$ cat target08.txt   # compact mmCIF, C-alpha atoms
# COMPACT_ATOMS: atom_id res chain seq x y z
CA MET T 1 -129.56 -67.55 -57.95
CA GLY T 2 -132.01 -65.43 -59.88
CA VAL T 3 -135.24 -66.57 -61.37
CA PRO T 4 -135.49 -66.03 -65.11
CA HIS T 5 -137.97 -63.26 -65.63
CA LYS T 6 -140.69 -63.60 -68.18
CA PRO T 7 -140.60 -60.66 -70.53
CA ALA T 8 -143.55 -59.70 -72.65
CA GLU T 9 -142.34 -59.17 -76.23
CA PRO T 10 -140.97 -60.24 -78.58
CA PRO T 11 -141.56 -63.91 -77.81
CA SER T 12 -139.10 -65.67 -80.05
CA THR T 13 -135.91 -64.02 -78.84
CA GLU T 14 -137.00 -63.79 -75.23
CA GLN T 15 -138.35 -67.31 -75.29
CA ALA T 16 -134.97 -68.58 -76.36
CA ALA T 17 -133.21 -66.48 -73.73
CA PHE T 18 -135.64 -67.75 -71.10
CA LEU T 19 -134.81 -71.34 -71.96
CA GLU T 20 -131.08 -70.63 -72.02
CA ARG T 21 -131.18 -69.13 -68.55
CA ALA T 22 -133.37 -71.93 -67.25
CA ILE T 23 -130.97 -74.61 -68.45
CA GLU T 24 -127.95 -72.72 -67.23
CA GLN T 25 -129.27 -72.01 -63.75
CA TYR T 26 -131.50 -75.00 -63.08
CA GLY T 27 -130.27 -77.66 -65.45
CA LYS T 28 -128.21 -79.50 -62.87
CA ALA T 29 -130.93 -79.42 -60.20
CA THR T 30 -133.51 -80.58 -62.72
CA TYR T 31 -131.31 -83.38 -63.97
CA ASN T 32 -130.53 -84.59 -60.44
CA PHE T 33 -134.20 -84.45 -59.54
CA ALA T 34 -135.03 -86.51 -62.64
CA TYR T 35 -132.25 -88.93 -61.75
CA ARG T 36 -133.60 -89.43 -58.22
CA LEU T 37 -137.03 -90.20 -59.66
CA THR T 38 -135.98 -92.51 -62.45
CA GLY T 39 -132.91 -94.10 -60.86
CA ASN T 40 -130.88 -94.11 -64.07
CA GLU T 41 -129.11 -91.54 -66.21
CA ALA T 42 -130.66 -92.45 -69.56
CA ASP T 43 -134.19 -91.84 -68.33
CA ALA T 44 -133.04 -88.77 -66.42
CA ARG T 45 -131.62 -87.33 -69.65
CA ASP T 46 -134.84 -87.97 -71.55
CA LEU T 47 -136.94 -86.57 -68.73
CA SER T 48 -134.79 -83.44 -68.46
CA GLN T 49 -134.99 -82.87 -72.21
CA ASP T 50 -138.75 -83.22 -72.21
CA ALA T 51 -139.00 -80.91 -69.21
CA PHE T 52 -136.97 -78.15 -70.86
CA LEU T 53 -138.95 -78.53 -74.07
CA ARG T 54 -142.06 -78.00 -71.98
CA VAL T 55 -140.42 -74.97 -70.37
CA TYR T 56 -139.76 -73.57 -73.83
CA ARG T 57 -143.30 -74.11 -75.02
CA ALA T 58 -145.05 -73.05 -71.80
CA TRP T 59 -142.74 -70.25 -70.78
CA ARG T 60 -145.59 -67.77 -70.68
CA SER T 61 -147.40 -69.80 -68.04
CA PHE T 62 -144.58 -69.29 -65.56
CA GLN T 63 -145.63 -66.76 -62.92
CA PRO T 64 -142.82 -64.29 -62.19
CA GLY T 65 -142.12 -64.04 -58.50
CA THR T 66 -142.83 -67.71 -57.87
CA SER T 67 -140.24 -70.45 -57.53
CA PHE T 68 -138.93 -71.52 -60.90
CA LEU T 69 -137.53 -74.70 -59.36
CA SER T 70 -140.93 -75.68 -57.99
CA TRP T 71 -142.41 -75.01 -61.42
CA ILE T 72 -139.95 -77.19 -63.27
CA TYR T 73 -140.16 -79.91 -60.61
CA ARG T 74 -143.89 -79.95 -61.19
CA ILE T 75 -143.25 -80.33 -64.91
CA VAL T 76 -140.79 -83.17 -64.32
CA THR T 77 -143.18 -84.89 -61.93
CA ASN T 78 -146.04 -84.72 -64.43
CA LEU T 79 -143.89 -85.94 -67.29
CA TYR T 80 -142.57 -88.80 -65.21
CA ARG T 81 -146.08 -89.81 -64.22
CA ASP T 82 -147.17 -89.76 -67.88
CA GLU T 83 -144.14 -91.79 -68.89
CA LEU T 84 -144.82 -94.40 -66.22
CA ARG T 85 -148.42 -94.73 -67.41
CA ARG T 86 -147.24 -95.08 -70.99
CA ARG T 87 -144.67 -97.72 -70.09
CA LYS T 88 -147.14 -99.58 -67.95
CA GLY T 89 -149.58 -99.80 -70.84
CA ARG T 90 -146.88 -100.87 -73.26
CA PHE T 91 -145.48 -103.40 -70.81
CA GLN T 92 -148.89 -104.92 -70.27
CA GLU T 93 -149.37 -105.28 -74.01
CA GLU T 94 -146.08 -107.05 -74.46
CA ILE T 95 -146.64 -109.71 -71.81
CA PRO T 96 -147.30 -113.08 -73.52
CA GLU T 97 -150.61 -114.48 -72.46
CA ASP T 98 -149.13 -117.84 -71.45
CA ASN T 99 -146.79 -116.21 -68.95
CA ALA T 100 -147.83 -117.03 -65.44
CA PRO T 101 -147.66 -114.18 -62.98
CA GLN T 102 -144.37 -114.19 -61.15
CA ASP T 103 -144.19 -114.45 -57.42
CA PHE T 104 -142.01 -111.79 -55.88
CA GLY T 105 -142.68 -112.85 -52.34
CA GLY T 106 -145.09 -110.04 -51.67
CA GLN T 107 -142.57 -107.39 -52.68
CA ARG T 108 -142.36 -105.28 -55.79
CA PRO T 109 -139.77 -106.45 -58.28
CA LEU T 110 -136.52 -104.52 -58.35
CA ALA T 111 -136.92 -103.89 -62.04
CA VAL T 112 -139.45 -104.59 -64.74
CA ASN T 113 -137.18 -105.20 -67.72
CA PRO T 114 -133.58 -106.25 -68.47
CA ILE T 115 -132.43 -102.66 -68.95
CA ASP T 116 -133.71 -101.70 -65.56
CA GLU T 117 -132.12 -104.81 -64.12
CA TYR T 118 -128.81 -103.78 -65.65
CA VAL T 119 -129.14 -100.25 -64.31
CA GLU T 120 -130.17 -101.63 -60.98
CA GLY T 121 -126.99 -103.69 -60.91
CA GLN T 122 -124.90 -100.56 -61.30
CA LEU T 123 -126.36 -98.98 -58.18
CA SER T 124 -124.35 -100.45 -55.38
CA GLU T 125 -125.55 -97.97 -52.82
CA PRO T 126 -128.03 -99.77 -50.54
CA LEU T 127 -130.04 -96.65 -50.00
CA ALA T 128 -130.34 -96.05 -53.72
CA ARG T 129 -131.52 -99.62 -54.14
CA ALA T 130 -134.03 -99.16 -51.38
CA LEU T 131 -135.27 -95.96 -53.00
CA GLN T 132 -135.85 -97.74 -56.28
CA ARG T 133 -138.08 -100.22 -54.54
CA LEU T 134 -140.49 -97.52 -53.50
CA SER T 135 -143.42 -96.66 -55.71
CA ALA T 136 -142.92 -93.67 -58.02
CA GLU T 137 -145.15 -91.48 -55.84
CA GLN T 138 -143.38 -92.53 -52.66
CA ARG T 139 -139.99 -91.87 -54.23
CA GLN T 140 -141.12 -88.45 -55.41
CA VAL T 141 -142.31 -87.46 -51.98
CA ILE T 142 -139.08 -88.67 -50.34
CA VAL T 143 -136.97 -86.73 -52.84
CA LEU T 144 -139.03 -83.57 -52.41
CA ALA T 145 -139.36 -83.76 -48.61
CA ASP T 146 -135.98 -85.12 -47.55
CA LEU T 147 -133.59 -84.13 -50.32
CA GLU T 148 -135.12 -80.91 -51.59
CA GLU T 149 -136.60 -80.07 -48.17
CA TYR T 150 -139.90 -78.72 -49.44
CA SER T 151 -142.80 -78.27 -47.05
CA TYR T 152 -145.79 -80.58 -47.29
CA GLN T 153 -147.81 -77.76 -48.86
CA GLU T 154 -145.17 -77.14 -51.52
CA ILE T 155 -144.96 -80.85 -52.27
CA ALA T 156 -148.73 -81.00 -52.59
CA ASP T 157 -148.57 -78.14 -55.10
CA ILE T 158 -145.82 -79.81 -57.09
CA MET T 159 -147.43 -83.25 -57.13
CA GLY T 160 -150.95 -81.96 -57.58
CA CYS T 161 -152.41 -83.72 -54.55
CA SER T 162 -153.58 -82.87 -51.04
CA ILE T 163 -151.37 -82.35 -48.00
CA GLY T 164 -152.96 -85.41 -46.44
CA THR T 165 -151.87 -87.51 -49.41
CA VAL T 166 -148.35 -86.13 -49.15
CA ARG T 167 -148.25 -86.91 -45.45
CA SER T 168 -149.48 -90.48 -45.83
CA ARG T 169 -147.17 -91.17 -48.78
CA LEU T 170 -144.20 -89.86 -46.84
CA HIS T 171 -145.06 -91.91 -43.76
CA ARG T 172 -145.45 -95.09 -45.81
CA ALA T 173 -142.33 -94.40 -47.82
CA ARG T 174 -140.17 -93.87 -44.78
CA ALA T 175 -141.58 -96.94 -43.07
CA LEU T 176 -140.80 -99.00 -46.17
CA LEU T 177 -137.31 -97.52 -46.40
CA ARG T 178 -136.59 -98.38 -42.78
CA ARG T 179 -137.77 -101.94 -43.36
CA LEU T 180 -135.75 -102.35 -46.58
CA ILE T 181 -132.59 -100.98 -45.04
CA GLN T 182 -133.05 -103.28 -42.07
CA GLN T 183 -133.46 -106.25 -44.43
CA GLN T 184 -130.33 -105.32 -46.33
CA ARG T 185 -128.38 -105.03 -43.08
CA THR T 186 -129.62 -108.41 -41.96
CA GLN T 187 -128.69 -110.01 -45.30
CA ALA T 188 -125.25 -108.38 -45.21
CA GLN T 189 -124.60 -109.79 -41.76
CA GLN T 190 -125.57 -113.34 -42.73
CA MET P 1 -148.79 -84.89 -24.28
CA THR P 2 -145.53 -85.50 -22.51
CA SER P 3 -146.96 -88.61 -20.87
CA GLN P 4 -148.15 -90.07 -24.19
CA HIS P 5 -145.70 -91.52 -26.68
CA PRO P 6 -146.05 -89.97 -30.09
CA SER P 7 -146.56 -92.24 -33.07
CA THR P 8 -143.77 -92.69 -35.61
CA ASP P 9 -145.81 -90.66 -38.10
CA ARG P 10 -145.91 -87.73 -35.68
CA ILE P 11 -142.17 -88.02 -35.21
CA VAL P 12 -141.72 -87.94 -38.99
CA ASP P 13 -143.85 -84.80 -39.12
CA TYR P 14 -141.76 -83.35 -36.29
CA VAL P 15 -138.56 -84.07 -38.24
CA HIS P 16 -140.04 -82.23 -41.22
CA ARG P 17 -141.24 -79.35 -38.99
CA GLU P 18 -144.83 -79.90 -40.03
CA LEU P 19 -146.47 -79.87 -36.59
CA SER P 20 -148.29 -76.97 -35.04
CA PRO P 21 -146.21 -74.92 -32.58
CA THR P 22 -148.08 -76.50 -29.66
CA GLU P 23 -147.52 -80.05 -30.85
CA ASP P 24 -143.94 -79.27 -31.73
CA ALA P 25 -143.24 -77.97 -28.24
CA ALA P 26 -144.95 -80.98 -26.69
CA LEU P 27 -142.82 -83.44 -28.64
CA PHE P 28 -139.69 -81.46 -27.87
CA ALA P 29 -140.47 -81.73 -24.17
CA HIS P 30 -141.33 -85.41 -24.49
CA PHE P 31 -138.04 -86.29 -26.17
CA ALA P 32 -136.19 -84.72 -23.25
CA GLU P 33 -137.67 -87.19 -20.82
CA CYS P 34 -138.44 -90.31 -22.92
CA LEU P 35 -135.34 -92.12 -24.12
CA HIS P 36 -137.32 -94.58 -26.23
CA CYS P 37 -139.01 -91.85 -28.25
CA ARG P 38 -135.78 -89.87 -28.39
CA ALA P 39 -134.08 -92.92 -29.93
CA GLU P 40 -136.86 -93.21 -32.50
CA TYR P 41 -136.53 -89.51 -33.30
CA ASP P 42 -132.75 -89.91 -33.72
CA ALA P 43 -133.32 -92.86 -36.08
CA GLU P 44 -135.59 -90.71 -38.25
CA LEU P 45 -132.99 -87.95 -38.29
CA ARG P 46 -130.32 -90.48 -39.32
CA LEU P 47 -132.50 -91.73 -42.15
CA THR P 48 -132.94 -88.21 -43.50
CA ALA P 49 -129.21 -87.51 -43.11
CA ALA P 50 -128.37 -90.77 -44.92
CA LEU P 51 -130.69 -89.88 -47.79
CA GLN P 52 -129.14 -86.45 -48.08
CA SER P 53 -125.55 -87.67 -47.93
CA ALA P 54 -126.29 -90.39 -50.52
CA ALA P 55 -127.79 -87.75 -52.79
CA ALA P 56 -124.89 -85.37 -52.26
CA ALA P 57 -122.38 -88.12 -53.03
CA GLU P 58 -124.16 -88.80 -56.28
CA SER P 59 -124.73 -85.25 -57.48
CA LEU P 60 -124.54 -85.27 -61.27
CA ASP P 61 -123.80 -82.52 -63.73
CA LEU P 62 -126.23 -81.93 -66.55
CA PRO P 63 -124.79 -83.67 -69.62
CA SER P 64 -124.04 -81.15 -72.36
CA ALA P 65 -125.92 -83.39 -74.78
CA VAL P 66 -129.16 -82.56 -73.02
CA LYS P 67 -129.01 -78.88 -73.92
CA ALA P 68 -127.92 -79.64 -77.48
CA GLU P 69 -130.72 -82.16 -77.86
CA VAL P 70 -133.32 -79.74 -76.53
CA TRP P 71 -132.34 -77.11 -79.10
CA SER P 72 -132.15 -79.70 -81.84
CA ARG P 73 -135.69 -80.86 -81.08
CA ILE P 74 -136.96 -77.29 -80.97
CA ARG P 75 -135.45 -76.54 -84.38
CA SER P 76 -136.70 -79.75 -85.93
CA ARG P 77 -140.14 -79.10 -84.51
CA GLU P 78 -140.17 -75.63 -86.05
CA ALA P 79 -139.00 -77.02 -89.37
CA ARG P 80 -141.67 -79.69 -89.19
CA GLY P 81 -144.21 -76.95 -88.64
CA TRP P 82 -143.35 -75.32 -91.96
CA ASN P 83 -143.07 -78.67 -93.72
CA PHE P 84 -146.65 -79.32 -92.73
CA PHE P 85 -147.80 -76.54 -95.05
CA LEU P 86 -145.56 -77.82 -97.84
CA ARG P 87 -147.17 -81.24 -97.98
CA PRO P 88 -149.10 -81.72 -101.27
CA LEU P 89 -152.30 -82.63 -99.48
CA ILE P 90 -152.17 -79.33 -97.64
CA ALA P 91 -150.31 -77.16 -100.11
CA VAL P 92 -152.53 -77.83 -103.18
CA PRO P 93 -155.88 -76.93 -101.58
CA VAL P 94 -154.30 -73.92 -99.90
CA ALA P 95 -152.87 -72.74 -103.24
CA VAL P 96 -156.21 -73.23 -104.96
CA ALA P 97 -158.01 -71.33 -102.24
CA VAL P 98 -155.51 -68.47 -102.44
CA ALA P 99 -155.82 -68.37 -106.25
CA LEU P 100 -159.63 -68.32 -106.09
CA ALA P 101 -159.59 -65.61 -103.46
CA ALA P 102 -157.23 -63.52 -105.58
CA PHE P 103 -159.38 -64.07 -108.70
CA PHE P 104 -162.59 -62.97 -107.01
CA ALA P 105 -160.88 -60.04 -105.36
CA VAL P 106 -159.76 -58.76 -108.75
CA GLN P 107 -163.18 -59.35 -110.27
CA THR P 108 -164.94 -57.53 -107.47
CA ASN P 109 -162.71 -54.49 -107.74
CA SER P 110 -162.91 -54.22 -111.50
CA PRO P 111 -165.24 -51.48 -112.97
CA MET P 112 -167.12 -54.08 -114.99
CA MET P 113 -168.18 -55.90 -111.85
CA ALA P 114 -168.97 -52.84 -109.80
CA HIS P 115 -172.46 -52.73 -108.35
CA PRO P 116 -174.84 -50.63 -110.40
CA MET P 117 -175.60 -47.35 -108.71
CA VAL P 118 -178.91 -47.25 -106.94
CA GLY P 119 -180.71 -44.07 -107.36
CA ALA P 120 -180.94 -42.06 -104.16
CA GLN P 121 -184.52 -41.21 -104.83
CA TYR P 122 -185.40 -44.88 -105.30
CA TYR P 123 -183.69 -45.74 -102.02
CA PHE P 124 -185.54 -43.01 -100.11
CA ASP P 125 -188.84 -44.01 -101.62
CA VAL P 126 -188.53 -47.65 -100.71
CA HIS P 127 -186.93 -46.99 -97.35
CA SER P 128 -189.54 -44.49 -96.35
CA ALA P 129 -192.33 -46.86 -97.23
CA ALA P 130 -190.75 -49.76 -95.44
CA THR P 131 -190.01 -47.71 -92.33
CA ARG P 132 -193.53 -46.50 -92.09
CA GLN P 133 -194.86 -50.00 -92.37
CA GLU P 134 -192.51 -51.55 -89.84
CA ASN P 135 -192.57 -48.91 -87.12
CA PRO P 136 -196.03 -48.28 -85.69
CA LEU P 137 -194.65 -45.46 -83.51
CA THR P 138 -193.70 -43.39 -86.51
CA ASP P 139 -195.46 -40.11 -86.70
CA ARG P 140 -197.46 -40.95 -89.76
CA SER P 141 -198.77 -37.47 -90.22
CA ALA P 142 -195.29 -36.01 -90.53
CA PRO P 143 -193.96 -35.94 -94.05
CA VAL P 144 -190.72 -37.78 -93.42
CA LEU P 145 -190.13 -38.01 -97.08
CA ASN P 146 -192.30 -36.39 -99.65
CA VAL P 147 -193.09 -39.38 -101.77
CA THR P 148 -195.04 -37.38 -104.29
CA GLU P 149 -192.34 -34.82 -104.80
CA ALA P 150 -189.72 -37.50 -104.87
CA SER P 151 -191.51 -39.41 -107.60
CA GLU P 152 -191.91 -36.22 -109.61
CA VAL P 153 -188.21 -35.57 -109.42
CA SER P 154 -187.44 -39.13 -110.39
CA SER P 155 -186.97 -39.37 -114.11
CA ASN P 156 -187.50 -43.08 -114.28
CA PRO P 157 -189.89 -44.27 -111.57
CA SER P 158 -189.74 -47.93 -110.81
CA PRO P 159 -192.77 -50.20 -110.42
CA LEU P 160 -191.39 -50.91 -106.97
CA VAL P 161 -191.70 -47.23 -106.15
CA ASP P 162 -195.35 -47.34 -107.05
CA ALA P 163 -195.87 -50.37 -104.89
CA ALA P 164 -194.06 -48.70 -102.01
CA ARG P 165 -196.05 -45.57 -102.43
CA ALA P 166 -199.26 -47.56 -102.41
CA ALA P 167 -198.15 -49.33 -99.27
CA ALA P 168 -197.33 -46.03 -97.60
CA GLY P 169 -200.66 -44.62 -98.60
CA ASP P 170 -202.47 -47.65 -97.23
CA ASP P 171 -200.58 -47.33 -94.03
CA LEU P 172 -201.41 -43.70 -93.65
CA GLY P 173 -204.98 -44.40 -94.43
CA ARG P 174 -205.44 -46.87 -91.59

$ encode --input "target08.txt" --output "structure tokens"
Amino acid sequence: MGVPHKPAEPPSTEQAAFLERAIEQYGKATYNFAYRLTGNEADARDLSQDAFLRVYRAWRSFQPGTSFLSWIYRIVTNLYRDELRRRKGRFQEEIPEDNAPQDFGGQRPLAVNPIDEYVEGQLSEPLARALQRLSAEQRQVIVLADLEEYSYQEIADIMGCSIGTVRSRLHRARALLRRLIQQQRTQAQQ
Amino acid sequence: MTSQHPSTDRIVDYVHRELSPTEDAALFAHFAECLHCRAEYDAELRLTAALQSAAAAESLDLPSAVKAEVWSRIRSREARGWNFFLRPLIAVPVAVAVALAAFFAVQTNSPMMAHPMVGAQYYFDVHSAATRQENPLTDRSAPVLNVTEASEVSSNPSPLVDAARAAAGDDLGR
């Protein structure tokens, strides 16, 4: 699987060809990565679109000889982080002031709005459910370390953090996953 | 190391091959003799395998709409870029600026508006005087420009030439 090379001139034609090759060769991987992060296809579609738009605009910043997949994963990760911040702000604005904070028994809610609840309902896989209960950063590090099998250093480069942060996020994420899976097993047996 | 039980975090690092060669070898040896730690290591391996098999079972193809939408957004963005310049608030001032620039360009190039020619003798007279005044290192005894001869050649000496000449003379006299 070849990496699309960045040619010098002319930009318009080559830029378009660069994007075409990127979508053709890495579209599926990018979409699946976005899906693992977001947990639903609608958000994964939007995230993939935004990522490829960014690829189109920033194609000159890609360093030939480096991993294109790591580059686009970094783009997806940054876009996802921005989107989460945006949603968080919007969500906080829409909360009526008279709403008392809900008690989730010390755990994060499965979903924050009815759409997410609906999507959550479609995911019958216990592991997928458990993954969605991790924080976004923990989910990212699990996907990159265990599914994509990147090294800690590569994950740190993609996520823009230190190796120590990657290590601690991975440790916490796996501990939480083990606990959640154990809870689900216990509930299934009862 | 073989006598000490590694923490779960170290085992996770071992699973991800992120330990130093020494630590890696130590844990490998420890797992051979400690069934409890070996079981914990196997559990971590199973978790990774479960994550990978769940992901493989749910591998999705990129929807064709994604590519179409990307190109659609690129084209609309480009069109929006040109539309920006066609907005009246932008287009009118730009048109006025272009028209003014064209008007002044024509005026400047026309013979009527050409700069009047400055006499070479006048230029040398004034320049010579000014140079002598400004540069104290100038060899003031050397006749850089013969002001007297120049003024004689000049058919229409300017009052400024006289002033410059006087200044040069003062300078030489100091």

$ closest_atom_pairs --input "target08.txt" --of "chain P" --to "chain T" --cutoff "7 Å" --atoms "all atoms listed in the file" --output "JSON lines"
{"residue": "P:Asp9", "atom": "CA", "partner": "T:His171", "partner_atom": "CA", "distance": 5.8}
{"residue": "P:Thr48", "atom": "CA", "partner": "T:Asp146", "partner_atom": "CA", "distance": 5.9}
{"residue": "P:Leu51", "atom": "CA", "partner": "T:Leu147", "partner_atom": "CA", "distance": 6.9}
{"residue": "P:Gln52", "atom": "CA", "partner": "T:Leu147", "partner_atom": "CA", "distance": 5.5}
{"residue": "P:Ser59", "atom": "CA", "partner": "T:Asn32", "partner_atom": "CA", "distance": 6.5}
{"residue": "P:Leu60", "atom": "CA", "partner": "T:Asn32", "partner_atom": "CA", "distance": 6.1}
{"residue": "P:Asp61", "atom": "CA", "partner": "T:Lys28", "partner_atom": "CA", "distance": 5.4}
{"residue": "P:Leu62", "atom": "CA", "partner": "T:Lys28", "partner_atom": "CA", "distance": 4.8}
{"residue": "P:Val66", "atom": "CA", "partner": "T:Gln49", "partner_atom": "CA", "distance": 5.9}
{"residue": "P:Val70", "atom": "CA", "partner": "T:Gln49", "partner_atom": "CA", "distance": 5.6}

$ atom_distance --input "target08.txt" --atom1 "atom CA of T:Thr13" --atom2 "atom CA of P:Ser76"
17.3 Å

$ atom_distance --input "target08.txt" --atom1 "atom CA of T:Arg21" --atom2 "atom CA of T:Val55"
11.1 Å

$ atom_distance --input "target08.txt" --atom1 "atom CA of P:His5" --atom2 "atom CA of T:Arg179"
21.2 Å

$ decode --input "target08.txt" --residues "stretch 37-106 of chain P" --atoms "C-alpha atoms" --output "PDB file, in the first residue's frame"
ATOM      1  CA  CYS P  37       1.140 -13.556  37.104  1.00  0.00           C
ATOM      2  CA  ARG P  38       0.959 -15.813  34.062  1.00  0.00           C
ATOM      3  CA  ALA P  39      -2.834 -15.912  34.466  1.00  0.00           C
ATOM      4  CA  GLU P  40      -2.948 -12.125  34.693  1.00  0.00           C
ATOM      5  CA  TYR P  41      -0.792 -11.860  31.581  1.00  0.00           C
ATOM      6  CA  ASP P  42      -3.108 -14.269  29.730  1.00  0.00           C
ATOM      7  CA  ALA P  43      -6.120 -12.178  30.783  1.00  0.00           C
ATOM      8  CA  GLU P  44      -4.507  -9.069  29.293  1.00  0.00           C
ATOM      9  CA  LEU P  45      -3.767 -10.948  26.089  1.00  0.00           C
ATOM     10  CA  ARG P  46      -7.396 -12.113  25.926  1.00  0.00           C
ATOM     11  CA  LEU P  47      -8.626  -8.558  26.371  1.00  0.00           C
ATOM     12  CA  THR P  48      -6.494  -7.354  23.472  1.00  0.00           C
ATOM     13  CA  ALA P  49      -7.593 -10.307  21.335  1.00  0.00           C
ATOM     14  CA  ALA P  50     -11.254  -9.608  22.174  1.00  0.00           C
ATOM     15  CA  LEU P  51     -10.875  -5.955  21.203  1.00  0.00           C
ATOM     16  CA  GLN P  52      -9.255  -6.905  17.935  1.00  0.00           C
ATOM     17  CA  SER P  53     -11.806  -9.577  17.040  1.00  0.00           C
ATOM     18  CA  ALA P  54     -14.683  -7.210  17.892  1.00  0.00           C
ATOM     19  CA  ALA P  55     -13.131  -4.578  15.641  1.00  0.00           C
ATOM     20  CA  ALA P  56     -12.532  -7.072  12.842  1.00  0.00           C
ATOM     21  CA  ALA P  57     -16.125  -8.292  13.053  1.00  0.00           C
ATOM     22  CA  GLU P  58     -17.331  -4.740  12.684  1.00  0.00           C
ATOM     23  CA  SER P  59     -15.042  -3.549   9.909  1.00  0.00           C
ATOM     24  CA  LEU P  60     -16.975  -1.047   7.814  1.00  0.00           C
ATOM     25  CA  ASP P  61     -16.517   0.098   4.255  1.00  0.00           C
ATOM     26  CA  LEU P  62     -16.271   3.800   3.576  1.00  0.00           C
ATOM     27  CA  PRO P  63     -19.717   4.925   2.413  1.00  0.00           C
ATOM     28  CA  SER P  64     -19.562   6.260  -1.141  1.00  0.00           C
ATOM     29  CA  ALA P  65     -21.463   9.326   0.043  1.00  0.00           C
ATOM     30  CA  VAL P  66     -18.433  10.412   2.042  1.00  0.00           C
ATOM     31  CA  LYS P  67     -16.256  10.881  -1.027  1.00  0.00           C
ATOM     32  CA  ALA P  68     -19.059  12.594  -2.944  1.00  0.00           C
ATOM     33  CA  GLU P  69     -19.735  14.901  -0.020  1.00  0.00           C
ATOM     34  CA  VAL P  70     -16.067  15.802   0.344  1.00  0.00           C
ATOM     35  CA  TRP P  71     -15.858  16.857  -3.313  1.00  0.00           C
ATOM     36  CA  SER P  72     -19.166  18.663  -3.095  1.00  0.00           C
ATOM     37  CA  ARG P  73     -17.942  20.685  -0.123  1.00  0.00           C
ATOM     38  CA  ILE P  74     -14.667  21.473  -1.864  1.00  0.00           C
ATOM     39  CA  ARG P  75     -16.491  22.754  -4.947  1.00  0.00           C
ATOM     40  CA  SER P  76     -18.983  24.779  -2.946  1.00  0.00           C
ATOM     41  CA  ARG P  77     -16.159  26.247  -0.905  1.00  0.00           C
ATOM     42  CA  GLU P  78     -14.352  27.292  -4.080  1.00  0.00           C
ATOM     43  CA  ALA P  79     -17.536  28.787  -5.484  1.00  0.00           C
ATOM     44  CA  ARG P  80     -18.117  30.609  -2.228  1.00  0.00           C
ATOM     45  CA  GLY P  81     -14.615  32.011  -2.527  1.00  0.00           C
ATOM     46  CA  TRP P  82     -15.445  33.683  -5.843  1.00  0.00           C
ATOM     47  CA  ASN P  83     -18.878  34.758  -4.629  1.00  0.00           C
ATOM     48  CA  PHE P  84     -17.146  36.644  -1.851  1.00  0.00           C
ATOM     49  CA  PHE P  85     -15.683  39.044  -4.408  1.00  0.00           C
ATOM     50  CA  LEU P  86     -19.045  39.398  -6.148  1.00  0.00           C
ATOM     51  CA  ARG P  87     -20.833  40.705  -3.076  1.00  0.00           C
ATOM     52  CA  PRO P  88     -21.846  44.380  -3.530  1.00  0.00           C
ATOM     53  CA  LEU P  89     -20.101  45.446  -0.346  1.00  0.00           C
ATOM     54  CA  ILE P  90     -16.862  44.023  -1.689  1.00  0.00           C
ATOM     55  CA  ALA P  91     -17.367  44.373  -5.414  1.00  0.00           C
ATOM     56  CA  VAL P  92     -18.264  48.113  -5.475  1.00  0.00           C
ATOM     57  CA  PRO P  93     -15.218  49.395  -3.553  1.00  0.00           C
ATOM     58  CA  VAL P  94     -12.967  47.052  -5.513  1.00  0.00           C
ATOM     59  CA  ALA P  95     -14.410  48.329  -8.808  1.00  0.00           C
ATOM     60  CA  VAL P  96     -13.989  51.936  -7.708  1.00  0.00           C
ATOM     61  CA  ALA P  97     -10.415  51.303  -6.659  1.00  0.00           C
ATOM     62  CA  VAL P  98      -9.634  49.613  -9.970  1.00  0.00           C
ATOM     63  CA  ALA P  99     -11.240  52.483 -11.908  1.00  0.00           C
ATOM     64  CA  LEU P 100      -9.294  55.108  -9.951  1.00  0.00           C
ATOM     65  CA  ALA P 101      -6.067  53.209 -10.417  1.00  0.00           C
ATOM     66  CA  ALA P 102      -6.698  52.956 -14.154  1.00  0.00           C
ATOM     67  CA  PHE P 103      -7.567  56.681 -14.357  1.00  0.00           C
ATOM     68  CA  PHE P 104      -4.400  57.798 -12.596  1.00  0.00           C
ATOM     69  CA  ALA P 105      -2.285  55.380 -14.580  1.00  0.00           C
ATOM     70  CA  VAL P 106      -3.526  56.920 -17.819  1.00  0.00           C
TER      71      VAL P 106
END
